[in-house]
$ cat final_4.tsv   # TSV, N, CA and C atoms
chain	number	residue	atom	x	y	z
R	742	MET	N	38.02	30.07	8.82
R	742	MET	CA	37.55	29.40	7.62
R	742	MET	C	38.23	30.03	6.42
R	743	THR	N	38.71	29.22	5.52
R	743	THR	CA	39.37	29.72	4.33
R	743	THR	C	38.32	30.02	3.26
R	744	THR	N	38.68	30.89	2.34
R	744	THR	CA	37.76	31.18	1.25
R	744	THR	C	37.86	30.07	0.22
R	745	ALA	N	36.73	29.79	-0.41
R	745	ALA	CA	36.68	28.71	-1.39
R	745	ALA	C	35.79	29.14	-2.55
R	746	SER	N	35.99	28.52	-3.67
R	746	SER	CA	35.19	28.83	-4.85
R	746	SER	C	33.99	27.89	-4.99
R	747	GLU	N	33.94	26.85	-4.15
R	747	GLU	CA	32.80	25.93	-4.20
R	747	GLU	C	32.56	25.30	-2.84
R	748	MET	N	31.39	24.72	-2.71
R	748	MET	CA	31.00	24.01	-1.49
R	748	MET	C	30.54	22.62	-1.90
R	749	HIS	N	30.47	21.72	-0.94
R	749	HIS	CA	30.03	20.36	-1.23
R	749	HIS	C	28.62	20.18	-0.66
R	750	VAL	N	27.70	19.77	-1.52
R	750	VAL	CA	26.29	19.65	-1.15
R	750	VAL	C	25.88	18.19	-1.11
R	751	TYR	N	25.15	17.83	-0.04
R	751	TYR	CA	24.56	16.50	0.10
R	751	TYR	C	23.06	16.69	0.26
R	752	LEU	N	22.29	16.10	-0.62
R	752	LEU	CA	20.83	16.13	-0.51
R	752	LEU	C	20.39	14.71	-0.16
R	753	ARG	N	19.94	14.55	1.07
R	753	ARG	CA	19.63	13.21	1.59
R	753	ARG	C	18.13	13.01	1.79
R	754	LEU	N	17.69	11.82	1.43
R	754	LEU	CA	16.34	11.34	1.70
R	754	LEU	C	16.45	10.31	2.82
R	755	PRO	N	15.34	9.90	3.42
R	755	PRO	CA	15.44	8.87	4.47
R	755	PRO	C	16.10	7.58	3.99
R	756	SER	N	15.96	7.26	2.70
R	756	SER	CA	16.44	5.97	2.22
R	756	SER	C	17.69	6.04	1.35
R	757	LYS	N	18.10	7.24	0.91
R	757	LYS	CA	19.25	7.32	0.01
R	757	LYS	C	19.75	8.75	-0.09
R	758	VAL	N	20.91	8.91	-0.75
R	758	VAL	CA	21.44	10.23	-1.08
R	758	VAL	C	21.01	10.53	-2.52
R	759	LEU	N	20.21	11.57	-2.70
R	759	LEU	CA	19.73	11.92	-4.04
R	759	LEU	C	20.78	12.69	-4.83
R	760	PHE	N	21.54	13.54	-4.15
R	760	PHE	CA	22.58	14.31	-4.83
R	760	PHE	C	23.75	14.51	-3.87
R	761	GLU	N	24.95	14.36	-4.42
R	761	GLU	CA	26.17	14.65	-3.68
R	761	GLU	C	27.16	15.22	-4.69
R	762	GLY	N	27.62	16.43	-4.44
R	762	GLY	CA	28.58	17.01	-5.36
R	762	GLY	C	28.90	18.45	-5.07
R	763	PRO	N	29.84	19.00	-5.84
R	763	PRO	CA	30.24	20.38	-5.63
R	763	PRO	C	29.19	21.35	-6.17
R	764	ALA	N	29.15	22.54	-5.57
R	764	ALA	CA	28.23	23.57	-6.02
R	764	ALA	C	28.86	24.93	-5.80
R	765	VAL	N	28.49	25.87	-6.66
R	765	VAL	CA	28.97	27.24	-6.49
R	765	VAL	C	27.86	28.15	-5.99
R	766	ARG	N	26.61	27.65	-6.02
R	766	ARG	CA	25.47	28.42	-5.53
R	766	ARG	C	24.32	27.48	-5.25
R	767	LEU	N	23.53	27.85	-4.24
R	767	LEU	CA	22.36	27.06	-3.87
R	767	LEU	C	21.24	28.05	-3.57
R	768	ARG	N	20.03	27.73	-4.00
R	768	ARG	CA	18.88	28.58	-3.72
R	768	ARG	C	17.75	27.71	-3.18
R	769	GLY	N	17.16	28.13	-2.05
R	769	GLY	CA	16.09	27.36	-1.43
R	769	GLY	C	15.06	28.27	-0.79
R	770	ASP	N	14.06	27.65	-0.16
R	770	ASP	CA	12.99	28.39	0.51
R	770	ASP	C	12.83	27.91	1.93
R	771	ALA	N	12.84	28.87	2.85
R	771	ALA	CA	12.62	28.62	4.28
R	771	ALA	C	11.24	29.16	4.64
R	772	PRO	N	10.75	28.88	5.85
R	772	PRO	CA	9.44	29.41	6.24
R	772	PRO	C	9.34	30.94	6.15
R	773	CYS	N	10.47	31.64	6.31
R	773	CYS	CA	10.43	33.11	6.25
R	773	CYS	C	10.73	33.65	4.85
R	774	GLY	N	10.94	32.79	3.87
R	774	GLY	CA	11.17	33.25	2.50
R	774	GLY	C	12.36	32.58	1.84
R	775	GLY	N	12.64	33.02	0.61
R	775	GLY	CA	13.73	32.45	-0.17
R	775	GLY	C	15.09	32.92	0.32
R	776	PHE	N	16.11	32.11	0.04
R	776	PHE	CA	17.47	32.46	0.44
R	776	PHE	C	18.45	31.86	-0.55
R	777	GLY	N	19.66	32.39	-0.56
R	777	GLY	CA	20.73	31.87	-1.39
R	777	GLY	C	21.95	31.58	-0.54
R	778	VAL	N	22.73	30.62	-0.97
R	778	VAL	CA	23.96	30.25	-0.25
R	778	VAL	C	25.10	30.20	-1.26
R	779	LEU	N	26.18	30.89	-0.94
R	779	LEU	CA	27.42	30.84	-1.71
R	779	LEU	C	28.47	30.12	-0.89
R	780	PRO	N	29.58	29.69	-1.50
R	780	PRO	CA	30.57	28.89	-0.78
R	780	PRO	C	31.09	29.50	0.52
R	781	ASN	N	31.21	30.82	0.60
R	781	ASN	CA	31.77	31.44	1.80
R	781	ASN	C	30.71	32.06	2.70
R	782	HIS	N	29.48	31.63	2.52
R	782	HIS	CA	28.37	32.11	3.34
R	782	HIS	C	28.61	31.70	4.79
R	783	ILE	N	28.11	32.49	5.71
R	783	ILE	CA	28.22	32.18	7.13
R	783	ILE	C	27.50	30.86	7.43
R	784	ASP	N	27.98	30.13	8.41
R	784	ASP	CA	27.33	28.88	8.81
R	784	ASP	C	25.95	29.17	9.36
R	785	PHE	N	24.98	28.30	9.03
R	785	PHE	CA	23.63	28.47	9.55
R	785	PHE	C	22.81	27.20	9.38
R	786	VAL	N	21.66	27.20	10.06
R	786	VAL	CA	20.71	26.09	9.98
R	786	VAL	C	19.34	26.70	9.70
R	787	THR	N	18.57	26.07	8.81
R	787	THR	CA	17.22	26.54	8.55
R	787	THR	C	16.31	25.38	8.18
R	788	ALA	N	15.05	25.55	8.50
R	788	ALA	CA	14.04	24.60	8.04
R	788	ALA	C	13.76	24.90	6.57
R	789	LEU	N	13.34	23.90	5.83
R	789	LEU	CA	12.96	24.07	4.43
R	789	LEU	C	11.48	23.76	4.28
R	790	VAL	N	10.83	24.49	3.40
R	790	VAL	CA	9.42	24.25	3.11
R	790	VAL	C	9.32	23.56	1.75
R	791	PRO	N	8.18	22.92	1.45
R	791	PRO	CA	8.03	22.32	0.12
R	791	PRO	C	8.23	23.38	-0.96
R	792	SER	N	9.19	23.14	-1.83
R	792	SER	CA	9.57	24.15	-2.83
R	792	SER	C	10.52	23.55	-3.85
R	793	VAL	N	11.11	24.44	-4.64
R	793	VAL	CA	12.13	24.05	-5.62
R	793	VAL	C	13.49	24.45	-5.06
R	794	LEU	N	14.42	23.52	-5.08
R	794	LEU	CA	15.78	23.75	-4.63
R	794	LEU	C	16.66	23.77	-5.88
R	795	LEU	N	17.44	24.83	-6.05
R	795	LEU	CA	18.33	24.96	-7.21
R	795	LEU	C	19.77	24.86	-6.76
R	796	VAL	N	20.55	24.02	-7.44
R	796	VAL	CA	21.97	23.84	-7.12
R	796	VAL	C	22.76	24.10	-8.40
R	797	ARG	N	23.61	25.14	-8.38
R	797	ARG	CA	24.45	25.45	-9.54
R	797	ARG	C	25.81	24.80	-9.34
R	798	GLN	N	26.19	23.94	-10.28
R	798	GLN	CA	27.47	23.24	-10.20
R	798	GLN	C	28.59	24.07	-10.82
R	799	PRO	N	29.84	23.75	-10.52
R	799	PRO	CA	30.97	24.54	-11.05
R	799	PRO	C	31.02	24.62	-12.57
R	800	ASP	N	30.51	23.60	-13.26
R	800	ASP	CA	30.51	23.62	-14.73
R	800	ASP	C	29.36	24.45	-15.32
R	801	GLY	N	28.54	25.08	-14.45
R	801	GLY	CA	27.45	25.92	-14.91
R	801	GLY	C	26.10	25.22	-14.98
R	802	ARG	N	26.11	23.90	-14.84
R	802	ARG	CA	24.85	23.15	-14.89
R	802	ARG	C	24.02	23.45	-13.65
R	803	GLU	N	22.73	23.66	-13.85
R	803	GLU	CA	21.83	23.91	-12.72
R	803	GLU	C	20.98	22.67	-12.50
R	804	ARG	N	21.04	22.13	-11.29
R	804	ARG	CA	20.24	20.97	-10.91
R	804	ARG	C	18.98	21.47	-10.24
R	805	ILE	N	17.83	20.91	-10.63
R	805	ILE	CA	16.54	21.35	-10.13
R	805	ILE	C	15.91	20.21	-9.35
R	806	PHE	N	15.60	20.47	-8.07
R	806	PHE	CA	15.00	19.46	-7.21
R	806	PHE	C	13.68	20.00	-6.65
R	807	GLY	N	12.65	19.19	-6.70
R	807	GLY	CA	11.41	19.49	-6.00
R	807	GLY	C	11.50	18.79	-4.65
R	808	ILE	N	11.39	19.57	-3.58
R	808	ILE	CA	11.59	18.99	-2.26
R	808	ILE	C	10.35	19.17	-1.38
R	809	ASP	N	10.24	18.30	-0.42
R	809	ASP	CA	9.24	18.40	0.63
R	809	ASP	C	9.92	19.10	1.81
R	810	GLU	N	9.25	19.17	2.93
R	810	GLU	CA	9.84	19.84	4.08
R	810	GLU	C	11.12	19.14	4.52
R	811	GLY	N	12.01	19.91	5.13
R	811	GLY	CA	13.27	19.34	5.56
R	811	GLY	C	14.10	20.32	6.35
R	812	LEU	N	15.41	20.07	6.36
R	812	LEU	CA	16.35	20.86	7.14
R	812	LEU	C	17.63	21.03	6.34
R	813	LEU	N	18.19	22.25	6.39
R	813	LEU	CA	19.46	22.54	5.73
R	813	LEU	C	20.45	23.00	6.80
R	814	VAL	N	21.65	22.41	6.76
R	814	VAL	CA	22.72	22.79	7.68
R	814	VAL	C	23.95	23.13	6.84
R	815	LYS	N	24.44	24.37	6.97
R	815	LYS	CA	25.67	24.77	6.30
R	815	LYS	C	26.74	24.96	7.36
R	816	LYS	N	27.84	24.25	7.20
R	816	LYS	CA	28.97	24.39	8.11
R	816	LYS	C	30.24	24.33	7.28
R	817	GLY	N	31.00	25.41	7.33
R	817	GLY	CA	32.20	25.48	6.52
R	817	GLY	C	31.82	25.47	5.04
R	818	HIS	N	32.43	24.56	4.31
R	818	HIS	CA	32.15	24.46	2.87
R	818	HIS	C	31.31	23.23	2.57
R	819	ARG	N	30.55	22.81	3.56
R	819	ARG	CA	29.71	21.61	3.42
R	819	ARG	C	28.26	22.00	3.71
R	820	VAL	N	27.34	21.57	2.85
R	820	VAL	CA	25.92	21.83	3.03
R	820	VAL	C	25.20	20.49	3.07
R	821	GLU	N	24.57	20.20	4.20
R	821	GLU	CA	23.81	18.96	4.38
R	821	GLU	C	22.33	19.32	4.33
R	822	ILE	N	21.60	18.65	3.46
R	822	ILE	CA	20.17	18.89	3.32
R	822	ILE	C	19.47	17.55	3.52
R	823	ALA	N	18.53	17.53	4.46
R	823	ALA	CA	17.75	16.31	4.71
R	823	ALA	C	16.28	16.65	4.49
R	824	VAL	N	15.64	15.90	3.60
R	824	VAL	CA	14.23	16.13	3.30
R	824	VAL	C	13.49	14.80	3.30
R	825	ARG	N	12.18	14.88	3.54
R	825	ARG	CA	11.37	13.66	3.54
R	825	ARG	C	11.25	13.07	2.14
R	826	ARG	N	10.97	13.94	1.16
R	826	ARG	CA	10.80	13.48	-0.21
R	826	ARG	C	11.42	14.51	-1.15
R	827	ALA	N	11.95	14.03	-2.28
R	827	ALA	CA	12.51	14.93	-3.29
R	827	ALA	C	12.59	14.21	-4.63
R	828	VAL	N	12.51	14.99	-5.68
R	828	VAL	CA	12.68	14.47	-7.04
R	828	VAL	C	13.51	15.47	-7.82
R	829	GLU	N	14.18	14.98	-8.86
R	829	GLU	CA	14.98	15.86	-9.72
R	829	GLU	C	14.36	15.90	-11.10
R	830	ALA	N	14.45	17.07	-11.75
R	830	ALA	CA	13.94	17.23	-13.11
R	830	ALA	C	14.89	18.12	-13.90
R	831	ASP	N	14.73	18.09	-15.22
R	831	ASP	CA	15.57	18.91	-16.09
R	831	ASP	C	15.07	20.34	-16.23
R	832	ASP	N	13.75	20.55	-16.08
R	832	ASP	CA	13.20	21.90	-16.16
R	832	ASP	C	11.96	21.99	-15.28
R	833	LEU	N	11.45	23.19	-15.10
R	833	LEU	CA	10.34	23.40	-14.17
R	833	LEU	C	9.03	22.79	-14.66
R	834	ASP	N	8.81	22.75	-15.97
R	834	ASP	CA	7.59	22.11	-16.49
R	834	ASP	C	7.59	20.61	-16.17
R	835	GLU	N	8.73	19.97	-16.40
R	835	GLU	CA	8.86	18.55	-16.07
R	835	GLU	C	8.73	18.35	-14.56
R	836	MET	N	9.29	19.28	-13.79
R	836	MET	CA	9.23	19.19	-12.33
R	836	MET	C	7.79	19.15	-11.85
R	837	ARG	N	6.96	20.01	-12.39
R	837	ARG	CA	5.56	20.07	-11.97
R	837	ARG	C	4.89	18.71	-12.17
R	838	ASP	N	5.11	18.09	-13.33
R	838	ASP	CA	4.50	16.79	-13.61
R	838	ASP	C	5.05	15.69	-12.70
R	839	ILE	N	6.37	15.67	-12.53
R	839	ILE	CA	6.99	14.65	-11.70
R	839	ILE	C	6.53	14.77	-10.25
R	840	VAL	N	6.53	16.00	-9.73
R	840	VAL	CA	6.13	16.21	-8.34
R	840	VAL	C	4.68	15.79	-8.13
R	841	ARG	N	3.82	16.20	-9.03
R	841	ARG	CA	2.41	15.84	-8.89
R	841	ARG	C	2.24	14.32	-8.88
R	842	ASP	N	2.85	13.63	-9.83
R	842	ASP	CA	2.71	12.17	-9.91
R	842	ASP	C	3.37	11.46	-8.72
R	843	SER	N	4.62	11.83	-8.41
R	843	SER	CA	5.36	11.15	-7.34
R	843	SER	C	4.72	11.38	-5.97
R	844	PHE	N	4.44	12.63	-5.66
R	844	PHE	CA	3.91	12.95	-4.34
R	844	PHE	C	2.48	12.45	-4.19
R	845	ASP	N	1.69	12.46	-5.27
R	845	ASP	CA	0.33	11.90	-5.18
R	845	ASP	C	0.38	10.41	-4.89
R	846	ASP	N	1.30	9.68	-5.55
R	846	ASP	CA	1.45	8.25	-5.29
R	846	ASP	C	1.85	8.00	-3.85
R	847	LEU	N	2.79	8.80	-3.34
R	847	LEU	CA	3.23	8.63	-1.95
R	847	LEU	C	2.11	8.94	-0.97
R	848	GLU	N	1.31	9.95	-1.26
R	848	GLU	CA	0.20	10.29	-0.37
R	848	GLU	C	-0.82	9.16	-0.35
R	849	ASP	N	-1.06	8.52	-1.51
R	849	ASP	CA	-1.97	7.37	-1.55
R	849	ASP	C	-1.43	6.24	-0.69
R	850	GLU	N	-0.12	5.99	-0.78
R	850	GLU	CA	0.50	4.93	0.02
R	850	GLU	C	0.40	5.27	1.52
R	851	GLU	N	0.65	6.52	1.86
R	851	GLU	CA	0.55	6.93	3.27
R	851	GLU	C	-0.88	6.80	3.77
R	852	ARG	N	-1.85	7.15	2.94
R	852	ARG	CA	-3.26	7.02	3.32
R	852	ARG	C	-3.61	5.55	3.57
R	853	ALA	N	-3.13	4.66	2.70
R	853	ALA	CA	-3.38	3.23	2.88
R	853	ALA	C	-2.71	2.72	4.16
R	854	ALA	N	-1.50	3.19	4.45
R	854	ALA	CA	-0.81	2.77	5.67
R	854	ALA	C	-1.55	3.27	6.91
R	855	ARG	N	-2.06	4.50	6.87
R	855	ARG	CA	-2.83	5.02	8.02
R	855	ARG	C	-4.10	4.21	8.22
R	856	ALA	N	-4.76	3.81	7.13
R	856	ALA	CA	-5.98	3.01	7.23
R	856	ALA	C	-5.67	1.64	7.85
R	857	ALA	N	-4.56	1.03	7.42
R	857	ALA	CA	-4.17	-0.26	7.97
R	857	ALA	C	-3.85	-0.13	9.46
R	858	LEU	N	-3.18	0.95	9.84
R	858	LEU	CA	-2.86	1.17	11.25
R	858	LEU	C	-4.14	1.36	12.06
R	859	SER	N	-5.10	2.06	11.52
R	859	SER	CA	-6.38	2.25	12.22
R	859	SER	C	-7.08	0.92	12.43
R	860	ARG	N	-7.04	0.06	11.42
R	860	ARG	CA	-7.66	-1.26	11.56
R	860	ARG	C	-6.96	-2.08	12.64
R	861	LEU	N	-5.62	-2.02	12.68
R	861	LEU	CA	-4.87	-2.74	13.71
R	861	LEU	C	-5.21	-2.21	15.11
R	862	GLU	N	-5.30	-0.90	15.24
R	862	GLU	CA	-5.65	-0.31	16.53
R	862	GLU	C	-7.05	-0.73	16.97
R	863	ALA	N	-8.01	-0.72	16.04
R	863	ALA	CA	-9.37	-1.12	16.37
R	863	ALA	C	-9.42	-2.59	16.78
R	864	ASP	N	-8.66	-3.45	16.09
R	864	ASP	CA	-8.61	-4.86	16.44
R	864	ASP	C	-8.01	-5.05	17.84
R	865	LEU	N	-6.97	-4.29	18.16
R	865	LEU	CA	-6.34	-4.37	19.47
R	865	LEU	C	-7.34	-3.98	20.57
R	866	VAL	N	-8.09	-2.93	20.34
R	866	VAL	CA	-9.09	-2.49	21.32
R	866	VAL	C	-10.15	-3.57	21.50
R	867	ARG	N	-10.62	-4.18	20.42
R	867	ARG	CA	-11.61	-5.26	20.51
R	867	ARG	C	-11.08	-6.44	21.31
R	868	ARG	N	-9.81	-6.78	21.09
R	868	ARG	CA	-9.22	-7.91	21.82
R	868	ARG	C	-9.10	-7.61	23.32
R	869	PHE	N	-8.70	-6.40	23.65
R	869	PHE	CA	-8.65	-6.02	25.06
R	869	PHE	C	-10.04	-6.05	25.68
R	870	ALA	N	-11.03	-5.60	24.94
R	870	ALA	CA	-12.41	-5.60	25.44
R	870	ALA	C	-12.87	-7.03	25.68
R	871	SER	N	-12.51	-7.95	24.77
R	871	SER	CA	-12.93	-9.35	24.95
R	871	SER	C	-12.22	-9.98	26.15
R	872	LEU	N	-10.96	-9.61	26.41
R	872	LEU	CA	-10.25	-10.12	27.58
R	872	LEU	C	-10.92	-9.64	28.87
R	873	ARG	N	-11.35	-8.41	28.87
R	873	ARG	CA	-12.01	-7.85	30.05
R	873	ARG	C	-13.31	-8.59	30.32
R	874	LYS	N	-14.07	-8.92	29.26
R	874	LYS	CA	-15.33	-9.65	29.41
R	874	LYS	C	-15.09	-11.04	29.99
R	875	GLU	N	-14.01	-11.71	29.52
R	875	GLU	CA	-13.69	-13.05	29.98
R	875	GLU	C	-13.34	-13.07	31.47
R	876	GLN	N	-12.67	-12.00	31.94
R	876	GLN	CA	-12.29	-11.92	33.36
R	876	GLN	C	-13.47	-11.63	34.25
R	877	ALA	N	-14.50	-10.99	33.72
R	877	ALA	CA	-15.67	-10.63	34.56
R	877	ALA	C	-16.61	-11.75	34.81
$ encode --input "final_4.tsv" --output "C-alpha cells"
Amino acid sequence: MTTASEMHVYLRLPSKVLFEGPAVRLRGDAPCGGFGVLPNHIDFVTALVPSVLLVRQPDGRERIFGIDEGLLVKKGHRVEIAVRRAVEADDLDEMRDIVRDSFDDLEDEERAARAALSRLEADLVRRFASLRKEQA
C-alpha cells in the first residue's frame, strides 16, 4: 500500500449515500470505545455504536454526523461506512436537536409499522382458526 495524504470516505444509509468525499481524518465510536483513522491506518473492520462521527476534509472543514449503529470497513485508502440512520449538522448543539427530532420521528414510524404488523399477524391467526372450524 502506498502512503497517501487523504482517504475517500463513503457514508451510506439504506436508501442513499449521505456523504462521499476525501478526508484526512475520521473519528468514530465502536463498542469498545472511540477511535481515529488516518489515511495510512491499517485496514480494519469495526461495528459502530450510536454516536457522533467526525470527518475532517482536506480543506480543514469538519463534517459532523449523528449516526445510529452500523459498520465501518477501511481497506487501503477507502473507508466504507454503513449505518441505519444518520444526520448531518453544522455544530454539536444543532446536532442534538436534529437527532432528537429525526430519530424520534423515525421511532414513531417504526412503532406504527410494528403495530400494523401485529394486527396483520392477529388477523392471519383468526383466519386460520376459522378455516380449522370450517373443516371440523
$ atom_distance --input "final_4.tsv" --atom1 "CA of Gln876 (chain R)" --atom2 "CA of Ala857 (chain R)"
29.1 Å
$ residues_near_point --input "final_4.tsv" --point "(14.9, 18.9, -0.2)" --cutoff "6.5 Å" --atoms "only N, CA and C atoms" --output "list in words"
Gly807, Ile808, Asp809, Glu810, Gly811, Ile822, Ala823, Val824, Arg825, Arg826 and Ala827 of chain R
$ closest_residue --input "final_4.tsv" --among "R:Pro780, R:Pro763, R:Pro772, R:Gly817" --to "Asp800 (chain R)" --atoms "only N, CA and C atoms"
R:Pro763
$ residues_around --input "final_4.tsv" --residues "Leu767 (chain R)" --least-positions-apart "5" --cutoff "8 Å" --atoms "all atoms listed in the file" --output "PyMOL selection string"
chain R and resi 776-780+794-798
$ residues_around --input "final_4.tsv" --residues "region 835-841 of chain R" --least-positions-apart "2" --cutoff "12 Å" --atoms "only C-alpha atoms" --output "list in words"
Pro791, Ser792, Val793, Leu794, Leu795, Arg804, Ile805, Phe806, Gly807, Ile808, Asp809, Arg826, Ala827, Val828, Glu829, Ala830, Asp831, Asp832, Leu833, Ser843, Phe844, Asp845, Asp846, Leu847 and Glu848 of chain R
$ select_by_dssp --input "final_4.tsv" --residues "region 747-862 of chain R" --states "helix (DSSP H, G or I)" --output "ChimeraX atom specification"
/R:833-862
